[in-house]
Structures are given as structure tokens and as C-alpha cells.
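Enquirer: I am sharing data.cif, which consists of mmCIF, N, CA and C atoms:
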```cif
data_my_file
loop_
_atom_site.label_atom_id
_atom_site.label_comp_id
_atom_site.auth_asym_id
_atom_site.auth_seq_id
_atom_site.Cartn_x
_atom_site.Cartn_y
_atom_site.Cartn_z
N MET A 1 23.78 -17.25 -0.44
CA MET A 1 22.55 -17.96 -0.16
C MET A 1 22.26 -17.87 1.34
N SER A 2 21.03 -17.52 1.67
CA SER A 2 20.68 -17.36 3.07
C SER A 2 20.43 -18.71 3.73
N LEU A 3 20.34 -18.67 5.02
CA LEU A 3 20.12 -19.90 5.80
C LEU A 3 18.76 -20.52 5.48
N GLU A 4 17.74 -19.71 5.28
CA GLU A 4 16.41 -20.21 4.96
C GLU A 4 16.38 -20.87 3.59
N GLN A 5 17.07 -20.28 2.61
CA GLN A 5 17.11 -20.87 1.28
C GLN A 5 17.86 -22.20 1.31
N THR A 6 18.92 -22.28 2.09
CA THR A 6 19.66 -23.52 2.21
C THR A 6 18.81 -24.60 2.85
N ALA A 7 18.07 -24.24 3.89
CA ALA A 7 17.19 -25.19 4.57
C ALA A 7 16.08 -25.66 3.63
N CYS A 8 15.56 -24.75 2.84
CA CYS A 8 14.51 -25.10 1.87
C CYS A 8 15.05 -26.05 0.81
N GLU A 9 16.24 -25.78 0.31
CA GLU A 9 16.85 -26.67 -0.68
C GLU A 9 17.15 -28.05 -0.08
N ASP A 10 17.57 -28.08 1.18
CA ASP A 10 17.82 -29.36 1.85
C ASP A 10 16.53 -30.16 2.00
N LEU A 11 15.45 -29.50 2.36
CA LEU A 11 14.16 -30.18 2.49
C LEU A 11 13.68 -30.72 1.15
N LYS A 12 13.89 -29.94 0.09
CA LYS A 12 13.49 -30.40 -1.25
C LYS A 12 14.32 -31.61 -1.67
N ALA A 13 15.62 -31.58 -1.39
CA ALA A 13 16.48 -32.71 -1.73
C ALA A 13 16.09 -33.94 -0.92
N PHE A 14 15.77 -33.76 0.37
CA PHE A 14 15.34 -34.87 1.21
C PHE A 14 14.04 -35.47 0.68
N GLU A 15 13.11 -34.61 0.30
CA GLU A 15 11.82 -35.07 -0.23
C GLU A 15 12.02 -35.84 -1.54
N ARG A 16 12.86 -35.32 -2.43
CA ARG A 16 13.13 -36.02 -3.69
C ARG A 16 13.73 -37.40 -3.44
N ARG A 17 14.69 -37.48 -2.54
CA ARG A 17 15.33 -38.76 -2.25
C ARG A 17 14.36 -39.74 -1.60
N LEU A 18 13.53 -39.24 -0.70
CA LEU A 18 12.56 -40.10 -0.03
C LEU A 18 11.51 -40.63 -1.01
N THR A 19 11.02 -39.78 -1.89
CA THR A 19 10.05 -40.26 -2.89
C THR A 19 10.72 -41.24 -3.85
N GLU A 20 11.99 -41.02 -4.14
CA GLU A 20 12.72 -41.95 -5.01
C GLU A 20 12.87 -43.32 -4.35
N VAL A 21 13.19 -43.34 -3.08
CA VAL A 21 13.35 -44.61 -2.36
C VAL A 21 12.03 -45.36 -2.30
N ILE A 22 10.96 -44.68 -1.98
CA ILE A 22 9.65 -45.33 -1.87
C ILE A 22 9.17 -45.80 -3.24
N ALA A 23 9.37 -44.99 -4.26
CA ALA A 23 8.97 -45.40 -5.61
C ALA A 23 9.80 -46.58 -6.11
N CYS A 24 11.05 -46.65 -5.71
CA CYS A 24 11.92 -47.75 -6.12
C CYS A 24 11.49 -49.07 -5.46
N LEU A 25 10.89 -48.99 -4.28
CA LEU A 25 10.44 -50.19 -3.57
C LEU A 25 9.14 -50.75 -4.12
N GLN A 26 8.35 -49.93 -4.81
CA GLN A 26 7.03 -50.36 -5.26
C GLN A 26 7.05 -51.56 -6.20
N PRO A 27 7.91 -51.64 -7.22
CA PRO A 27 7.89 -52.82 -8.10
C PRO A 27 8.22 -54.12 -7.38
N SER A 28 9.23 -54.11 -6.52
CA SER A 28 9.57 -55.34 -5.80
C SER A 28 8.49 -55.70 -4.80
N THR A 29 7.87 -54.70 -4.18
CA THR A 29 6.78 -54.97 -3.26
C THR A 29 5.61 -55.61 -3.99
N LEU A 30 5.29 -55.12 -5.18
CA LEU A 30 4.22 -55.71 -5.98
C LEU A 30 4.56 -57.15 -6.36
N ARG A 31 5.79 -57.38 -6.73
CA ARG A 31 6.23 -58.73 -7.10
C ARG A 31 6.09 -59.69 -5.91
N PHE A 32 6.51 -59.26 -4.73
CA PHE A 32 6.40 -60.11 -3.55
C PHE A 32 4.94 -60.33 -3.14
N ARG A 33 4.10 -59.33 -3.35
CA ARG A 33 2.67 -59.51 -3.06
C ARG A 33 2.04 -60.54 -3.98
N ILE A 34 2.42 -60.50 -5.26
CA ILE A 34 1.90 -61.48 -6.22
C ILE A 34 2.37 -62.88 -5.84
N ILE A 35 3.63 -63.02 -5.46
CA ILE A 35 4.15 -64.33 -5.04
C ILE A 35 3.41 -64.83 -3.81
N LEU A 36 3.19 -63.95 -2.84
CA LEU A 36 2.51 -64.34 -1.61
C LEU A 36 1.05 -64.72 -1.87
N VAL A 37 0.36 -63.97 -2.70
CA VAL A 37 -1.04 -64.28 -3.02
C VAL A 37 -1.13 -65.59 -3.79
N THR A 38 -0.21 -65.81 -4.72
CA THR A 38 -0.20 -67.07 -5.47
C THR A 38 0.03 -68.26 -4.54
N ALA A 39 0.97 -68.11 -3.62
CA ALA A 39 1.22 -69.20 -2.67
C ALA A 39 0.02 -69.43 -1.76
N ALA A 40 -0.63 -68.36 -1.33
CA ALA A 40 -1.80 -68.50 -0.46
C ALA A 40 -2.97 -69.16 -1.19
N ILE A 41 -3.17 -68.80 -2.44
CA ILE A 41 -4.25 -69.42 -3.22
C ILE A 41 -3.96 -70.89 -3.46
N SER A 42 -2.73 -71.23 -3.80
CA SER A 42 -2.41 -72.64 -4.06
C SER A 42 -2.50 -73.47 -2.79
N ILE A 43 -2.12 -72.91 -1.65
CA ILE A 43 -2.25 -73.67 -0.41
C ILE A 43 -3.72 -73.82 -0.02
N SER A 44 -4.53 -72.82 -0.33
CA SER A 44 -5.97 -72.92 -0.04
C SER A 44 -6.63 -74.01 -0.90
N ILE A 45 -6.30 -74.03 -2.17
CA ILE A 45 -6.87 -75.06 -3.05
C ILE A 45 -6.39 -76.44 -2.63
N GLY A 46 -5.10 -76.55 -2.35
CA GLY A 46 -4.56 -77.83 -1.90
C GLY A 46 -5.15 -78.29 -0.58
N ALA A 47 -5.37 -77.36 0.33
CA ALA A 47 -5.97 -77.71 1.62
C ALA A 47 -7.41 -78.16 1.44
N TRP A 48 -8.13 -77.54 0.52
CA TRP A 48 -9.52 -77.95 0.26
C TRP A 48 -9.58 -79.40 -0.22
N TYR A 49 -8.74 -79.72 -1.18
CA TYR A 49 -8.72 -81.10 -1.68
C TYR A 49 -8.22 -82.08 -0.63
N TRP A 50 -7.27 -81.65 0.17
CA TRP A 50 -6.73 -82.51 1.22
C TRP A 50 -7.76 -82.80 2.29
N LEU A 51 -8.51 -81.77 2.69
CA LEU A 51 -9.50 -81.95 3.75
C LEU A 51 -10.77 -82.65 3.29
N THR A 52 -11.11 -82.51 2.01
CA THR A 52 -12.33 -83.17 1.52
C THR A 52 -12.08 -84.60 1.05
N ASP A 53 -10.84 -85.03 1.04
CA ASP A 53 -10.52 -86.40 0.64
C ASP A 53 -10.92 -87.36 1.77
N PRO A 54 -11.73 -88.38 1.49
CA PRO A 54 -12.13 -89.30 2.56
C PRO A 54 -10.97 -90.16 3.07
N LYS A 55 -9.91 -90.30 2.31
CA LYS A 55 -8.77 -91.10 2.75
C LYS A 55 -7.92 -90.37 3.80
N THR A 56 -8.09 -89.07 3.92
CA THR A 56 -7.25 -88.28 4.82
C THR A 56 -7.36 -88.75 6.27
N SER A 57 -8.55 -89.08 6.70
CA SER A 57 -8.73 -89.49 8.09
C SER A 57 -8.31 -90.94 8.33
N VAL A 58 -8.09 -91.71 7.29
CA VAL A 58 -7.77 -93.13 7.43
C VAL A 58 -6.26 -93.38 7.36
N VAL A 59 -5.60 -92.74 6.43
CA VAL A 59 -4.17 -93.01 6.21
C VAL A 59 -3.32 -92.14 7.14
N PRO A 60 -2.07 -92.54 7.39
CA PRO A 60 -1.18 -91.69 8.20
C PRO A 60 -0.91 -90.35 7.52
N LEU A 61 -0.44 -89.40 8.31
CA LEU A 61 -0.24 -88.04 7.82
C LEU A 61 0.73 -87.99 6.65
N PHE A 62 1.86 -88.65 6.76
CA PHE A 62 2.86 -88.61 5.69
C PHE A 62 2.30 -89.19 4.39
N ASP A 63 1.56 -90.28 4.49
CA ASP A 63 0.96 -90.86 3.28
C ASP A 63 -0.11 -89.95 2.70
N SER A 64 -0.84 -89.29 3.58
CA SER A 64 -1.87 -88.35 3.12
C SER A 64 -1.23 -87.17 2.39
N LEU A 65 -0.09 -86.69 2.89
CA LEU A 65 0.60 -85.59 2.22
C LEU A 65 1.19 -86.03 0.89
N LEU A 66 1.61 -87.28 0.80
CA LEU A 66 2.10 -87.80 -0.47
C LEU A 66 0.99 -87.93 -1.50
N LEU A 67 -0.23 -88.17 -1.03
CA LEU A 67 -1.37 -88.24 -1.94
C LEU A 67 -1.80 -86.86 -2.46
N HIS A 68 -1.40 -85.82 -1.75
CA HIS A 68 -1.78 -84.44 -2.11
C HIS A 68 -0.53 -83.58 -2.24
N PRO A 69 0.21 -83.73 -3.34
CA PRO A 69 1.48 -83.00 -3.49
C PRO A 69 1.31 -81.48 -3.62
N LEU A 70 0.18 -81.02 -4.14
CA LEU A 70 -0.03 -79.57 -4.25
C LEU A 70 -0.04 -78.93 -2.86
N PHE A 71 -0.75 -79.53 -1.94
CA PHE A 71 -0.82 -78.99 -0.59
C PHE A 71 0.54 -79.08 0.10
N ALA A 72 1.20 -80.22 -0.03
CA ALA A 72 2.49 -80.40 0.64
C ALA A 72 3.54 -79.43 0.08
N LEU A 73 3.60 -79.31 -1.23
CA LEU A 73 4.58 -78.42 -1.86
C LEU A 73 4.30 -76.95 -1.56
N SER A 74 3.05 -76.56 -1.67
CA SER A 74 2.73 -75.15 -1.41
C SER A 74 2.90 -74.81 0.07
N SER A 75 2.68 -75.76 0.95
CA SER A 75 2.94 -75.52 2.38
C SER A 75 4.42 -75.29 2.63
N MET A 76 5.24 -76.13 2.02
CA MET A 76 6.69 -75.97 2.18
C MET A 76 7.16 -74.64 1.59
N ILE A 77 6.64 -74.27 0.43
CA ILE A 77 7.03 -73.00 -0.20
C ILE A 77 6.62 -71.82 0.67
N LEU A 78 5.42 -71.87 1.23
CA LEU A 78 4.96 -70.77 2.08
C LEU A 78 5.80 -70.67 3.35
N ILE A 79 6.17 -71.78 3.94
CA ILE A 79 7.02 -71.75 5.12
C ILE A 79 8.39 -71.17 4.77
N ILE A 80 8.94 -71.56 3.64
CA ILE A 80 10.24 -71.03 3.21
C ILE A 80 10.15 -69.54 2.93
N LEU A 81 9.07 -69.10 2.30
CA LEU A 81 8.89 -67.67 2.03
C LEU A 81 8.85 -66.87 3.33
N PHE A 82 8.13 -67.36 4.32
CA PHE A 82 8.07 -66.65 5.59
C PHE A 82 9.40 -66.69 6.33
N CYS A 83 10.15 -67.78 6.19
CA CYS A 83 11.48 -67.84 6.80
C CYS A 83 12.43 -66.81 6.17
N PHE A 84 12.27 -66.55 4.88
CA PHE A 84 13.11 -65.56 4.21
C PHE A 84 12.57 -64.14 4.35
N GLY A 85 11.47 -63.95 5.07
CA GLY A 85 10.99 -62.61 5.39
C GLY A 85 10.13 -61.95 4.35
N ILE A 86 9.32 -62.73 3.63
CA ILE A 86 8.47 -62.11 2.61
C ILE A 86 7.44 -61.19 3.25
N HIS A 87 7.04 -61.49 4.49
CA HIS A 87 6.05 -60.65 5.15
C HIS A 87 6.61 -59.25 5.42
N LYS A 88 7.91 -59.11 5.58
CA LYS A 88 8.52 -57.80 5.76
C LYS A 88 8.71 -57.09 4.43
N LYS A 89 9.00 -57.86 3.39
CA LYS A 89 9.23 -57.26 2.08
C LYS A 89 7.93 -56.76 1.45
N VAL A 90 6.82 -57.36 1.83
CA VAL A 90 5.53 -56.94 1.28
C VAL A 90 5.14 -55.57 1.82
N ILE A 91 5.50 -55.28 3.06
CA ILE A 91 5.09 -54.01 3.67
C ILE A 91 6.26 -53.05 3.86
N ALA A 92 7.35 -53.23 3.12
CA ALA A 92 8.54 -52.39 3.27
C ALA A 92 8.26 -50.89 3.11
N PRO A 93 7.50 -50.45 2.10
CA PRO A 93 7.26 -49.00 2.00
C PRO A 93 6.50 -48.43 3.19
N GLN A 94 5.56 -49.20 3.74
CA GLN A 94 4.82 -48.74 4.90
C GLN A 94 5.71 -48.65 6.13
N ILE A 95 6.66 -49.56 6.25
CA ILE A 95 7.60 -49.51 7.38
C ILE A 95 8.46 -48.25 7.29
N ILE A 96 8.96 -47.97 6.09
CA ILE A 96 9.80 -46.78 5.90
C ILE A 96 9.02 -45.51 6.18
N THR A 97 7.80 -45.41 5.66
CA THR A 97 7.02 -44.19 5.88
C THR A 97 6.63 -44.01 7.34
N SER A 98 6.29 -45.08 8.03
CA SER A 98 5.90 -44.93 9.44
C SER A 98 7.09 -44.53 10.30
N ARG A 99 8.26 -45.11 10.03
CA ARG A 99 9.45 -44.73 10.80
C ARG A 99 9.88 -43.30 10.49
N THR A 100 9.76 -42.90 9.23
CA THR A 100 10.11 -41.53 8.87
C THR A 100 9.14 -40.55 9.49
N ARG A 101 7.85 -40.90 9.53
CA ARG A 101 6.87 -40.03 10.18
C ARG A 101 7.20 -39.82 11.66
N SER A 102 7.60 -40.90 12.33
CA SER A 102 7.90 -40.77 13.76
C SER A 102 9.12 -39.87 13.98
N VAL A 103 10.11 -39.92 13.10
CA VAL A 103 11.29 -39.05 13.24
C VAL A 103 10.94 -37.61 12.89
N LEU A 104 10.16 -37.43 11.83
CA LEU A 104 9.84 -36.07 11.37
C LEU A 104 8.85 -35.35 12.28
N SER A 105 8.13 -36.08 13.12
CA SER A 105 7.16 -35.43 13.99
C SER A 105 7.84 -34.48 14.97
N ASP A 106 9.10 -34.72 15.32
CA ASP A 106 9.84 -33.81 16.19
C ASP A 106 10.10 -32.46 15.53
N PHE A 107 10.07 -32.41 14.21
CA PHE A 107 10.33 -31.19 13.45
C PHE A 107 9.07 -30.58 12.85
N ASN A 108 7.89 -31.00 13.35
CA ASN A 108 6.60 -30.53 12.85
C ASN A 108 6.43 -30.82 11.37
N LEU A 109 6.92 -31.98 10.94
CA LEU A 109 6.79 -32.42 9.57
C LEU A 109 6.17 -33.81 9.55
N SER A 110 5.63 -34.17 8.41
CA SER A 110 5.13 -35.52 8.20
C SER A 110 5.29 -35.82 6.72
N ILE A 111 4.95 -37.04 6.33
CA ILE A 111 5.00 -37.40 4.92
C ILE A 111 3.74 -38.16 4.57
N ASP A 112 3.38 -38.13 3.28
CA ASP A 112 2.27 -38.96 2.82
C ASP A 112 2.84 -40.31 2.39
N ASP A 113 1.98 -41.16 1.85
CA ASP A 113 2.41 -42.51 1.51
C ASP A 113 3.40 -42.57 0.35
N SER A 114 3.46 -41.51 -0.45
CA SER A 114 4.41 -41.49 -1.57
C SER A 114 5.74 -40.84 -1.20
N GLY A 115 5.83 -40.25 0.00
CA GLY A 115 7.07 -39.64 0.44
C GLY A 115 7.12 -38.13 0.36
N LYS A 116 6.01 -37.51 -0.02
CA LYS A 116 5.97 -36.05 -0.10
C LYS A 116 5.89 -35.46 1.31
N LEU A 117 6.64 -34.40 1.55
CA LEU A 117 6.65 -33.76 2.86
C LEU A 117 5.37 -32.98 3.11
N ILE A 118 4.92 -33.02 4.35
CA ILE A 118 3.75 -32.27 4.78
C ILE A 118 4.20 -31.40 5.96
N LEU A 119 4.05 -30.09 5.81
CA LEU A 119 4.41 -29.18 6.88
C LEU A 119 3.23 -29.06 7.84
N LYS A 120 3.49 -29.23 9.12
CA LYS A 120 2.45 -29.11 10.14
C LYS A 120 2.49 -27.72 10.76
N GLN A 121 1.37 -27.33 11.33
CA GLN A 121 1.31 -26.07 12.05
C GLN A 121 2.14 -26.16 13.32
N ARG A 122 2.81 -25.08 13.64
CA ARG A 122 3.58 -25.06 14.90
C ARG A 122 2.61 -24.96 16.06
N PRO A 123 2.90 -25.67 17.12
CA PRO A 123 2.01 -25.57 18.30
C PRO A 123 2.08 -24.18 18.89
N THR A 124 0.92 -23.64 19.26
CA THR A 124 0.83 -22.29 19.80
C THR A 124 0.69 -22.40 21.32
N ASN A 125 1.81 -22.43 21.99
CA ASN A 125 1.80 -22.50 23.47
C ASN A 125 2.45 -21.27 24.01
#
```
Translate this file's structure into C-alpha cells.
Expert:
Amino acid sequence: MSLEQTACEDLKAFERRLTEVIACLQPSTLRFRIILVTAAISISIGAWYWLTDPKTSVVPLFDSLLLHPLFALSSMILIILFCFGIHKKVIAPQIITSRTRSVLSDFNLSIDDSGKLILKQRPTN
């Protein structure tokens, strides 16, 4: 086997593994996006009811939060989700592709969003 054939086989194996990694991240990324959107919608609904309640400006904050458990609970859940890094898990495939693009640019290569290799033209200097 020649050196060019070996290099071509290595690139194909790298591309297969990269597409496999990105494809494997898609289901969990979708799951985390659904969780994040659900938490954001519930906090929005809870905030609407909390802010439109006339008692909110009269009672102390803690009592107001006890009167609106949806807002208080969804706020706590959203804070916990962000503490556990849901914002990083939602964009994990994009992080991997952007970092891989920056490394591959030294070799006149790039990748698309699914992990397929893109050969670039060599600079003519």
C-alpha cells in the first residue's frame, strides 16, 4: 500500500469517526434543548402571573414567591440546569465542529456541520 493510499484511508477513517461522534451527540442535544425550552416556557408563564398579580407589590418577596409556586420552582430548576452546564450541552456539536475546523485549517481541510471533510484549495503563493 502506498503512502497516498494510507493517507486516504486514514482521512476516511477520521471522517467516519467524526461523523459518528457528532451523530451520537444529536439525540442528547435534542433532549437537552427540549428540557431547556420547557423550563424557559414555564418560567415565562410563571413570571407573567407573578408580575400581573396585584399582591406582588404589596407583600414581601418570599411571601409573593410562595403565592406563585410555578415561578419559584421553575426559577430554581433553571438555575440548577445552568449550574450543571445545560447551556454547554445544548451546543456541544457546534463546539466540536468549530474546534475541529480550527485544527483542520492548518491542513487545508474543513468540515461541515455533520462532520464530513471538505478539502480546500492549496494556497498558490
Enquirer: I need the residue nearest Ile22 (chain A) from this list: A:Ala92, A:Ile118, A:Ile41, A:Ile79. Use only N, CA and C atoms for the distance.
Expert: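 Ranking A:Ala92, A:Ile118, A:Ile41, A:Ile79 by distance to Ile22 (chain A), first place goes to A:Ala92.
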Enquirer: Using Å and a single decimal, report how far CA of Val37 (chain A) sits from CA of Gln94 (chain A).
Expert: 18.4 Å
Enquirer: Just to confirm, what's the straight-line distance from atom C of Leu65 (chain A) to CA of Trp50 (chain A) in Å (one decimal)?
Expert: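 Distance reported for this atom pair: 8.7 Å.
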Enquirer: Could you pull out all residues of region 82-121 of chain A with a DSSP call of helix (DSSP H, G or I) and give them as a ChimeraX atom specification?
Expert: /A:82-83,86-90,92-107
Enquirer: Grab the CA of Ile95 (chain A) to atom C of Thr38 (chain A) distance for me, in Å with one decimal place.
Expert: 23.5 Å
Enquirer: Need the shell around Ser110 (chain A): protein/DNA/RNA residues with any atom at most 6 Å away, counting only N, CA and C atoms. Skip same-chain ones fewer than 4 positions apart. Format as a count of residues only?
Expert: 8
Enquirer: Exactly which residues make up the result of the PyMOL selection byres (((chain A and resi 8-18 and name CA) around 9) and name CA) on this file, given as a list in words?
Expert: Leu3, Glu4, Gln5, Thr6, Ala7, Thr19, Glu20, Val21, Ile22, Ala23, Ile111, Ser114, Gly115, Lys116 and Leu117 of chain A
Enquirer: Which residue, A:Val58, A:Pro93, A:Ile43, A:Leu51, has the smallest gap to Phe71 (chain A) when you use only C-alpha atoms?
Expert: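 Distance minimum relative to Phe71 (chain A) lands on A:Ile43.
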Enquirer: If you run DSSP over the backbone, which residues in chain A end up strand (DSSP E)? Put them as a VMD selection string.
Expert: chain A and resid 109 to 111 117 to 119
Enquirer: Within 8 Å of region 73-78 of chain A, counting all atoms listed in the file, which residues show up once you throw out same-chain ones fewer than 3 positions away? Write them as a list in words, please.
Expert: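 After dropping sequence-adjacent residues, the list is Leu36, Ala39, Ala40, Ser42, Ile43, Ser44, Gly46, Leu65, His68, Pro69, Leu70, Leu81, Phe82, Cys83 and Phe84 of chain A.
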